[in-house]
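Novice: Just protein_32.tsv, nothing more (TSV, C-alpha atoms):
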```tsv
chain	number	residue	atom	x	y	z
Q	23	MET	CA	-24.08	-35.04	15.59
Q	24	GLU	CA	-21.29	-32.53	15.43
Q	25	LYS	CA	-19.33	-34.65	13.00
Q	26	ARG	CA	-22.32	-34.98	10.74
Q	27	VAL	CA	-22.89	-31.24	10.68
Q	28	GLN	CA	-19.25	-30.67	9.79
Q	29	GLU	CA	-19.48	-33.21	7.02
Q	30	ILE	CA	-22.49	-31.48	5.54
Q	31	VAL	CA	-20.77	-28.12	5.72
Q	32	LEU	CA	-17.69	-29.51	4.00
Q	33	ARG	CA	-19.68	-31.05	1.18
Q	34	ASP	CA	-22.15	-28.26	1.06
Q	35	SER	CA	-21.65	-27.08	-2.46
Q	36	ALA	CA	-20.54	-28.33	-5.82
Q	37	THR	CA	-18.80	-25.02	-6.31
Q	38	PRO	CA	-17.15	-24.09	-3.04
Q	39	ALA	CA	-16.79	-20.45	-2.16
Q	40	ILE	CA	-13.40	-19.17	-1.12
Q	41	PRO	CA	-13.77	-17.15	2.08
Q	42	ASN	CA	-10.66	-15.07	1.62
Q	43	LEU	CA	-10.24	-13.75	-1.87
Q	44	GLU	CA	-6.90	-12.09	-1.16
Q	45	MET	CA	-5.26	-15.40	-0.33
Q	46	GLY	CA	-3.76	-17.39	-3.17
Q	47	GLY	CA	-4.82	-15.10	-5.98
Q	48	ASN	CA	-3.98	-16.02	-9.54
Q	49	VAL	CA	-2.60	-13.11	-11.51
Q	50	LEU	CA	-3.93	-14.25	-14.86
Q	51	LEU	CA	-7.33	-15.39	-13.69
Q	52	THR	CA	-8.34	-12.79	-11.09
Q	53	ARG	CA	-9.64	-10.18	-13.53
Q	54	LEU	CA	-11.15	-12.84	-15.74
Q	55	ASP	CA	-12.90	-14.28	-12.70
Q	56	GLU	CA	-14.71	-11.04	-12.11
Q	57	ILE	CA	-15.95	-10.81	-15.67
Q	58	VAL	CA	-17.01	-14.44	-15.80
Q	59	ASN	CA	-18.73	-14.25	-12.42
Q	60	TRP	CA	-20.53	-11.09	-13.43
Q	61	ALA	CA	-21.91	-12.88	-16.47
Q	62	ARG	CA	-22.72	-16.01	-14.54
Q	63	ARG	CA	-24.55	-14.43	-11.66
Q	64	ASN	CA	-26.65	-12.16	-13.86
Q	65	SER	CA	-27.91	-14.83	-16.23
Q	66	ILE	CA	-28.85	-17.78	-14.07
Q	67	PHE	CA	-31.36	-20.01	-15.81
Q	68	PRO	CA	-33.35	-21.94	-13.22
Q	69	LEU	CA	-34.69	-25.39	-13.86
Q	70	THR	CA	-38.41	-26.04	-13.64
Q	71	PHE	CA	-38.38	-28.30	-10.63
Q	72	GLY	CA	-41.49	-27.69	-8.61
Q	73	LEU	CA	-42.46	-30.69	-6.52
Q	74	ALA	CA	-45.16	-29.34	-4.20
Q	75	CYS	CA	-46.74	-26.21	-2.78
Q	76	CYS	CA	-43.43	-24.31	-2.75
Q	77	ALA	CA	-43.63	-24.37	-6.54
Q	78	ILE	CA	-46.59	-21.99	-6.38
Q	79	GLU	CA	-44.43	-19.45	-4.56
Q	80	MET	CA	-41.60	-20.10	-7.03
Q	81	MET	CA	-43.98	-19.32	-9.93
Q	82	SER	CA	-45.16	-16.19	-8.20
Q	83	THR	CA	-41.53	-15.15	-7.76
Q	84	ALA	CA	-41.17	-15.33	-11.51
Q	85	ALA	CA	-44.42	-13.45	-12.13
Q	86	ALA	CA	-44.88	-9.72	-12.51
Q	87	ARG	CA	-45.15	-8.65	-8.87
Q	88	PHE	CA	-41.80	-10.00	-7.75
Q	89	ASP	CA	-40.24	-10.57	-11.15
Q	90	ILE	CA	-36.88	-12.31	-10.95
Q	91	ALA	CA	-36.31	-11.10	-14.50
Q	92	ARG	CA	-34.77	-8.12	-12.71
Q	93	PHE	CA	-31.89	-10.49	-11.81
Q	94	GLY	CA	-31.83	-12.22	-15.19
Q	95	MET	CA	-33.36	-15.41	-13.82
Q	96	GLU	CA	-36.73	-15.40	-15.52
Q	97	VAL	CA	-35.96	-18.07	-18.11
Q	98	PHE	CA	-37.21	-21.23	-16.44
Q	99	ARG	CA	-35.79	-24.06	-18.47
Q	100	ALA	CA	-37.64	-27.32	-18.94
Q	101	SER	CA	-34.44	-29.09	-20.02
Q	102	PRO	CA	-31.65	-29.65	-17.48
Q	103	ARG	CA	-29.10	-29.28	-20.30
Q	104	GLN	CA	-29.89	-25.57	-20.50
Q	105	ALA	CA	-30.23	-24.81	-16.78
Q	106	ASP	CA	-27.72	-23.47	-14.27
Q	107	LEU	CA	-29.78	-23.46	-11.10
Q	108	MET	CA	-32.03	-26.10	-9.64
Q	109	ILE	CA	-34.60	-24.70	-7.21
Q	110	VAL	CA	-35.81	-27.80	-5.40
Q	111	ALA	CA	-39.26	-26.55	-4.44
Q	112	GLY	CA	-41.13	-29.02	-2.31
Q	113	ARG	CA	-40.74	-32.32	-0.51
Q	114	VAL	CA	-38.64	-34.95	-2.24
Q	115	SER	CA	-40.01	-38.43	-1.84
Q	116	LYS	CA	-37.64	-41.40	-1.85
Q	117	LYS	CA	-39.02	-42.40	-5.22
Q	118	MET	CA	-38.27	-38.95	-6.61
Q	119	ALA	CA	-34.71	-38.93	-5.23
Q	120	PRO	CA	-32.97	-40.86	-8.04
Q	121	VAL	CA	-34.81	-38.76	-10.62
Q	122	LEU	CA	-33.65	-35.58	-8.93
Q	123	ARG	CA	-30.06	-36.80	-8.86
Q	124	GLN	CA	-30.20	-37.80	-12.51
Q	125	ILE	CA	-31.54	-34.39	-13.52
Q	126	TYR	CA	-28.81	-32.75	-11.44
Q	127	ASP	CA	-26.18	-34.84	-13.18
Q	128	GLN	CA	-27.58	-33.81	-16.56
Q	129	MET	CA	-27.13	-30.12	-15.81
Q	130	PRO	CA	-23.94	-28.64	-17.27
Q	131	SER	CA	-21.39	-27.31	-14.82
Q	132	PRO	CA	-21.23	-24.74	-13.23
Q	133	LYS	CA	-24.50	-25.53	-11.51
Q	134	TRP	CA	-26.11	-24.46	-8.27
Q	135	VAL	CA	-28.88	-25.80	-6.10
Q	136	VAL	CA	-31.28	-23.84	-3.93
Q	137	SER	CA	-33.20	-25.93	-1.44
Q	138	MET	CA	-36.48	-24.11	-1.06
Q	139	GLY	CA	-38.69	-24.61	1.96
Q	140	ALA	CA	-38.59	-26.71	5.09
Q	141	CYS	CA	-39.44	-29.99	3.32
Q	142	ALA	CA	-36.68	-29.82	0.72
Q	143	SER	CA	-34.15	-28.55	3.24
Q	144	CYS	CA	-34.70	-31.07	6.03
Q	145	GLY	CA	-37.99	-32.91	5.65
Q	146	GLY	CA	-40.19	-30.36	7.36
Q	147	ILE	CA	-43.33	-31.83	8.86
Q	148	PHE	CA	-42.85	-35.05	6.89
Q	149	ASN	CA	-40.52	-36.84	9.26
Q	150	ASN	CA	-41.50	-40.24	7.95
Q	151	TYR	CA	-40.41	-43.18	5.81
Q	152	ALA	CA	-41.46	-41.70	2.48
Q	153	ILE	CA	-39.69	-38.36	2.39
Q	154	VAL	CA	-35.98	-37.67	2.02
Q	155	GLN	CA	-34.88	-35.75	5.11
Q	156	GLY	CA	-33.12	-32.97	3.29
Q	157	VAL	CA	-32.23	-32.79	-0.36
Q	158	ASP	CA	-28.57	-32.33	0.62
Q	159	GLN	CA	-28.45	-36.08	1.09
Q	160	ILE	CA	-28.70	-36.39	-2.69
Q	161	VAL	CA	-27.25	-33.23	-4.25
Q	162	PRO	CA	-24.95	-30.54	-2.84
Q	163	VAL	CA	-27.02	-27.54	-1.81
Q	164	ASP	CA	-25.74	-23.96	-2.05
Q	165	VAL	CA	-28.47	-21.98	-0.33
Q	166	TYR	CA	-31.17	-23.17	2.04
Q	167	VAL	CA	-34.41	-21.23	2.35
Q	168	PRO	CA	-36.53	-21.88	5.45
Q	169	GLY	CA	-40.27	-21.33	5.47
Q	170	CYS	CA	-43.37	-23.31	4.71
Q	171	PRO	CA	-43.53	-22.13	2.01
Q	172	PRO	CA	-41.02	-19.26	1.79
Q	173	SER	CA	-42.63	-16.10	0.50
Q	174	PRO	CA	-41.39	-14.80	-2.87
Q	175	ASP	CA	-39.28	-12.13	-1.19
Q	176	ALA	CA	-37.64	-14.76	1.00
Q	177	LEU	CA	-36.77	-16.72	-2.14
Q	178	ILE	CA	-35.44	-13.60	-3.85
Q	179	TYR	CA	-33.28	-12.98	-0.78
Q	180	ALA	CA	-31.89	-16.49	-1.17
Q	181	LEU	CA	-31.20	-15.89	-4.86
Q	182	ILE	CA	-29.35	-12.69	-3.98
Q	183	LYS	CA	-27.32	-14.71	-1.47
Q	184	LEU	CA	-26.56	-17.17	-4.25
Q	185	GLN	CA	-25.38	-14.30	-6.43
Q	186	GLN	CA	-23.11	-13.18	-3.61
Q	187	LYS	CA	-21.74	-16.69	-3.39
Q	188	ILE	CA	-21.09	-16.88	-7.12
Q	189	ARG	CA	-19.24	-13.59	-6.83
Q	190	THR	CA	-16.66	-15.19	-4.53
Q	191	GLN	CA	-16.14	-18.27	-6.68
Q	192	ARG	CA	-13.10	-18.86	-8.82
Q	193	LEU	CA	-12.71	-20.27	-12.26
Q	194	GLY	CA	-10.16	-22.88	-11.26
Q	195	MET	CA	-12.20	-24.13	-8.34
Q	196	LEU	CA	-15.30	-25.38	-10.10
Q	197	LEU	CA	-14.84	-28.98	-9.08
Q	198	GLU	CA	-17.57	-31.33	-8.07
Q	199	LEU	CA	-17.41	-32.68	-4.55
Q	200	PRO	CA	-18.78	-36.14	-3.91
Q	201	THR	CA	-22.06	-36.15	-2.08
Q	202	ARG	CA	-22.68	-38.23	0.98
Q	203	PRO	CA	-23.83	-41.73	-0.03
Q	204	SER	CA	-27.47	-42.03	0.85
Q	205	PRO	CA	-29.77	-45.04	1.16
Q	206	ALA	CA	-32.07	-43.45	-1.38
Q	207	ILE	CA	-29.72	-44.00	-4.31
Q	208	GLU	CA	-27.07	-46.56	-5.13
Q	209	GLN	CA	-23.47	-45.43	-5.13
Q	210	GLY	CA	-23.30	-44.85	-8.84
Q	211	ASP	CA	-21.55	-41.54	-8.50
Q	212	LYS	CA	-17.89	-42.14	-9.31
Q	213	THR	CA	-16.51	-38.64	-9.08
Q	214	PRO	CA	-12.93	-38.68	-7.82
Q	215	ALA	CA	-12.79	-37.84	-4.16
Q	216	LEU	CA	-11.47	-34.40	-3.38
Q	217	GLU	CA	-9.90	-34.27	0.06
Q	218	SER	CA	-10.92	-30.80	1.07
Q	219	HIS	CA	-11.68	-27.70	-0.88
Q	220	ALA	CA	-10.06	-25.66	1.87
Q	221	SER	CA	-6.63	-27.07	1.01
Q	222	GLY	CA	-6.81	-25.89	-2.61
C	29	MET	CA	-58.20	-6.36	-49.19
C	30	ASN	CA	-58.17	-2.98	-47.59
C	31	ILE	CA	-54.76	-2.45	-46.05
C	32	LEU	CA	-55.89	0.40	-43.82
C	33	ARG	CA	-58.92	-1.44	-42.43
C	34	ASP	CA	-57.58	-5.01	-42.22
C	35	VAL	CA	-53.95	-4.45	-41.22
C	36	LEU	CA	-53.08	-1.05	-39.84
C	37	LYS	CA	-56.21	-0.45	-37.77
C	38	PRO	CA	-56.00	-3.73	-35.79
C	39	ILE	CA	-52.29	-3.18	-35.22
C	40	GLY	CA	-52.98	0.30	-33.91
C	41	LYS	CA	-55.75	-1.02	-31.69
C	42	GLY	CA	-53.45	-3.63	-30.22
C	43	LEU	CA	-50.59	-1.24	-29.71
C	44	ARG	CA	-52.90	1.20	-27.93
C	45	ILE	CA	-53.54	-1.47	-25.27
C	46	THR	CA	-49.80	-2.07	-24.99
C	47	LEU	CA	-49.17	1.65	-24.62
C	48	ARG	CA	-51.89	1.99	-21.96
C	49	HIS	CA	-50.40	-0.79	-19.86
C	50	PHE	CA	-46.93	0.63	-20.41
C	51	LEU	CA	-47.98	3.95	-18.89
C	52	GLU	CA	-49.83	2.42	-15.94
C	53	PRO	CA	-48.09	2.31	-12.54
C	54	LYS	CA	-45.97	-0.79	-12.12
C	55	ASP	CA	-46.98	-3.64	-9.81
C	56	THR	CA	-43.47	-4.93	-9.33
C	57	VAL	CA	-41.94	-4.63	-5.86
C	58	PHE	CA	-38.27	-3.80	-6.36
C	59	TYR	CA	-37.37	-6.06	-3.49
C	60	PRO	CA	-33.80	-5.39	-2.33
C	61	GLU	CA	-34.34	-1.63	-2.61
C	62	GLU	CA	-37.93	-1.42	-1.39
C	63	ARG	CA	-39.93	-3.87	0.68
C	64	LYS	CA	-43.46	-5.11	0.35
C	65	GLU	CA	-45.65	-4.08	3.26
C	66	GLN	CA	-46.00	-7.05	5.61
C	67	PHE	CA	-49.35	-7.98	7.03
C	68	PRO	CA	-49.72	-7.31	10.77
C	69	ARG	CA	-50.06	-11.02	11.55
C	70	THR	CA	-47.16	-12.19	9.39
C	71	ARG	CA	-45.36	-15.09	11.02
C	72	TRP	CA	-41.64	-15.36	10.43
C	73	ARG	CA	-38.62	-15.51	12.66
C	74	HIS	CA	-39.26	-16.03	16.39
C	75	VAL	CA	-38.39	-13.53	19.09
C	76	LEU	CA	-38.23	-14.25	22.80
C	77	LEU	CA	-39.66	-11.26	24.63
C	78	ARG	CA	-38.71	-9.66	27.96
C	79	TYR	CA	-40.69	-7.77	30.55
C	80	GLU	CA	-40.17	-4.05	30.80
C	81	ASN	CA	-37.71	-4.51	33.68
C	82	GLY	CA	-35.51	-6.72	31.52
C	83	LEU	CA	-36.48	-10.12	32.96
C	84	GLU	CA	-37.24	-12.85	30.46
C	85	ARG	CA	-40.84	-13.83	29.93
C	86	CYS	CA	-39.94	-17.45	29.18
C	87	ILE	CA	-40.38	-19.74	32.20
C	88	GLY	CA	-39.05	-22.90	30.53
C	89	CYS	CA	-42.34	-24.81	30.65
C	90	SER	CA	-41.77	-26.52	27.24
C	91	LEU	CA	-45.40	-26.07	26.22
C	92	CYS	CA	-44.17	-24.57	22.93
C	93	ALA	CA	-42.04	-27.65	22.31
C	94	GLY	CA	-45.08	-29.82	22.99
C	95	ALA	CA	-47.33	-27.85	20.67
C	96	CYS	CA	-44.78	-27.78	17.84
C	97	PRO	CA	-45.96	-30.06	15.03
C	98	VAL	CA	-42.43	-30.62	13.71
C	99	ARG	CA	-40.65	-30.80	17.10
C	100	CYS	CA	-38.18	-28.13	16.16
C	101	ILE	CA	-38.01	-26.48	19.60
C	102	TYR	CA	-35.72	-27.69	22.36
C	103	VAL	CA	-36.12	-26.26	25.86
C	104	GLU	CA	-33.96	-27.06	28.86
C	105	ALA	CA	-35.23	-25.46	32.05
C	106	ALA	CA	-33.30	-24.58	35.21
C	107	GLU	CA	-34.19	-23.12	38.60
C	108	ASN	CA	-33.90	-19.41	39.27
C	109	THR	CA	-31.94	-18.41	42.35
C	110	ASP	CA	-31.88	-15.07	44.11
C	111	THR	CA	-28.35	-14.37	42.92
C	112	GLU	CA	-29.02	-15.52	39.37
C	113	ARG	CA	-32.47	-14.44	38.33
C	114	TYR	CA	-33.57	-14.57	34.71
C	115	SER	CA	-37.36	-14.70	34.92
C	116	PRO	CA	-39.92	-13.73	37.57
C	117	GLY	CA	-41.09	-17.31	38.25
C	118	GLU	CA	-39.30	-20.31	39.72
C	119	ARG	CA	-37.77	-21.57	36.52
C	120	TYR	CA	-36.24	-20.14	33.38
C	121	ALA	CA	-35.10	-21.57	30.06
C	122	LYS	CA	-31.41	-22.42	30.36
C	123	ARG	CA	-31.24	-23.53	26.77
C	124	TYR	CA	-33.78	-22.56	24.17
C	125	GLU	CA	-33.09	-23.67	20.63
C	126	ILE	CA	-35.17	-23.59	17.48
C	127	ASN	CA	-34.28	-25.28	14.25
C	128	LEU	CA	-35.39	-22.55	11.87
C	129	LEU	CA	-34.98	-24.84	8.89
C	130	ARG	CA	-37.35	-27.49	10.22
C	131	CYS	CA	-39.82	-24.91	11.55
C	132	ILE	CA	-42.92	-24.31	9.44
C	133	TYR	CA	-43.78	-20.95	11.08
C	134	CYS	CA	-47.28	-22.07	12.03
C	135	GLY	CA	-47.38	-20.00	15.23
C	136	TYR	CA	-48.62	-22.82	17.47
C	137	CYS	CA	-45.80	-22.08	19.92
C	138	GLN	CA	-47.05	-18.52	20.15
C	139	ASP	CA	-50.56	-19.80	20.95
C	140	ALA	CA	-49.32	-22.30	23.50
C	141	CYS	CA	-47.09	-19.93	25.46
C	142	PRO	CA	-48.70	-19.05	28.83
C	143	THR	CA	-46.61	-15.92	29.35
C	144	GLY	CA	-46.55	-14.61	25.79
C	145	ALA	CA	-42.79	-15.05	25.66
C	146	ILE	CA	-42.38	-16.34	22.13
C	147	VAL	CA	-43.76	-14.38	19.21
C	148	LEU	CA	-43.24	-14.65	15.48
C	149	ARG	CA	-42.18	-11.43	13.81
C	150	GLU	CA	-41.74	-10.13	10.27
C	151	ASP	CA	-38.07	-10.93	9.66
C	152	TYR	CA	-38.20	-13.23	6.63
C	153	GLU	CA	-34.62	-12.88	5.38
C	154	LEU	CA	-33.41	-16.18	6.77
C	155	ALA	CA	-31.73	-17.97	3.88
C	156	ASP	CA	-28.17	-19.15	4.49
C	157	TYR	CA	-25.42	-21.33	3.04
C	158	THR	CA	-24.99	-23.97	5.72
C	159	ARG	CA	-27.40	-26.11	7.65
C	160	ASP	CA	-25.96	-25.43	11.10
C	161	ALA	CA	-26.52	-21.69	10.62
C	162	PHE	CA	-30.20	-22.30	11.15
C	163	ILE	CA	-29.98	-23.47	14.77
C	164	ALA	CA	-31.18	-20.37	16.59
C	165	THR	CA	-30.00	-20.35	20.20
C	166	LYS	CA	-31.53	-18.43	23.07
C	167	GLU	CA	-29.03	-15.60	22.68
C	168	MET	CA	-30.05	-15.13	19.06
C	169	LEU	CA	-33.76	-15.31	19.79
C	170	LEU	CA	-33.94	-13.06	22.86
C	171	GLU	CA	-34.76	-9.45	22.19
C	172	PRO	CA	-32.00	-7.11	23.36
C	173	LEU	CA	-32.13	-5.66	26.85
C	174	PRO	CA	-34.08	-2.41	27.09
C	175	VAL	CA	-31.73	0.56	26.93
C	176	ARG	CA	-31.85	2.79	29.99
C	177	ASP	CA	-32.69	6.34	29.08
C	178	GLU	CA	-30.15	8.01	31.39
C	179	VAL	CA	-30.87	11.51	30.14
C	180	ALA	CA	-34.53	11.16	31.11
C	181	GLU	CA	-33.55	9.72	34.51
C	182	VAL	CA	-31.24	12.63	35.30
C	183	ALA	CA	-33.89	15.11	34.17
C	184	ARG	CA	-36.37	13.44	36.48
```
Could you render the structure as structure tokens?
Specialist:
Amino acid sequence: MEKRVQEIVLRDSATPAIPNLEMGGNVLLTRLDEIVNWARRNSIFPLTFGLACCAIEMMSTAAARFDIARFGMEVFRASPRQADLMIVAGRVSKKMAPVLRQIYDQMPSPKWVVSMGACASCGGIFNNYAIVQGVDQIVPVDVYVPGCPPSPDALIYALIKLQQKIRTQRLGMLLELPTRPSPAIEQGDKTPALESHASG
Amino acid sequence: MNILRDVLKPIGKGLRITLRHFLEPKDTVFYPEERKEQFPRTRWRHVLLRYENGLERCIGCSLCAGACPVRCIYVEAAENTDTERYSPGERYAKRYEINLLRCIYCGYCQDACPTGAIVLREDYELADYTRDAFIATKEMLLEPLPVRDEVAEVAR
């Protein structure tokens, strides 16, 4: 159990955050990082990926009362080629899993994933044969949002946490970590294995 | 075609509606700066309550774990002794863990609790980066010990 948790933490994100920014700074890239991260975190285009009831809360987050346009995230993109953020809203069935992975692969890097709600994050009440027990078995997840469904302010809090995470990321570190092989999809992902992002 | 009647008047009519809505008070809740008022029965993060004398209400009966539809609560009970007393009854919860990620915040645990120990409160800011950050242990769930008002005691 402990080993599995560690493994998930290690492969948590496609774009690992560096905990200590002072360590190993690059003279040429540090200032540029700040500018690039400022632009990135204030113009995140989410992907329209509502799968179930959480999608209703996701839509209401984008609507006038909560209005994620205040964070520059209002442009929900129907095409993965134009999206930066995938908000997996709802339970992912095993039949949906390869589709989700394909759409994730089609998104241009840098890309982030928010796992919204109990079902997407770990299966929720659907602990059965049909539902993937956590979308992190298929794609690397940056922020998890608990709740069934999370209220719009809880989702906005998660998006602010994602912005904080993007703030700590570095230009040279945007490498894709291999996800854990899952029974839901074949091992088609041939990204070169990176030993540990902590060593970099 | 009358330019005034067919073009400018409809445009002015439309823009008047735009202007009216522009001057109306805004509906948007500016979330990180100001918070939406929560309903009194909002169910979010759990809190384990204490009695006024500081003893825990939880008696480790596991009825909450039994009522939980997603089995996200784990309770391990132990016996109270006179030297080590945590709750008024015979037993107390030695370990009390909730998987906040699996939890659906239905409040069935709150209904099942015979001593009213577990309640769901308004704290909804629960999102985090890692999965193991969501395992809430007993120390995280218990409300802090009541602070003794020493000034009032001396005055009395």
Novice: Quick check: residues of chain Q within 8 Å of chain C, all atoms listed in the file, returned as an NGL selection string.
Specialist: :Q and (27 or 30-31 or 34 or 86-89 or 139-141 or 143-147 or 149 or 164-171 or 175-180 or 183)
Novice: Would you mind listing what lies within 6 Å of Ile101 of chain C as JSON, numbers by chain, with only C-alpha atoms counted and same-chain residues fewer than 2 positions away left out?
Specialist: {"C": [93, 99, 125, 126]}
Novice: Fewer than 3 positions away in the same chain doesn't count, so skip those; otherwise give me all residues within 10 Å of Gly88 of chain C, counting only C-alpha atoms, as a PyMOL selection string.
Specialist: chain C and resi 85+91-93+103-107+115+117-124+141+145
Novice: Would you mind reading off the distance between atom CA of Ala111 of chain Q and atom CA of Gln124 of chain Q, one decimal, in Å?
Specialist: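 Interatomic distance, atom CA of Ala111 of chain Q to atom CA of Gln124 of chain Q: 16.5 Å.
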Novice: Pick out the residues sitting within 7 Å of segment 90-103 of chain Q, and hand them over as an MDAnalysis selection string; count only C-alpha atoms, and ignore anything fewer than 2 positions along from it in its own chain.
Specialist: chainID Q and resid 64:70 83:84 88 105 125 128:130
Novice: If we count all atoms listed in the file and set the cut-off at 10 Å, which residues sit around Leu173 of chain C, ignoring sequence neighbours fewer than 2 positions away in its own chain? Please answer as a count of residues only.
Specialist: 12
Novice: Can you tell me how far atom CA of Ile182 of chain Q sits from atom CA of Leu122 of chain Q, in Å to one decimal?
Specialist: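 One can read the atom CA of Ile182 of chain Q to atom CA of Leu122 of chain Q distance as 23.8 Å.
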Novice: For atom CA of Ser82 of chain Q and atom CA of Gln191 of chain Q, determine how far apart the two atoms are, in Å to one decimal place.
Specialist: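 Distance reported for this atom pair: 29.1 Å.
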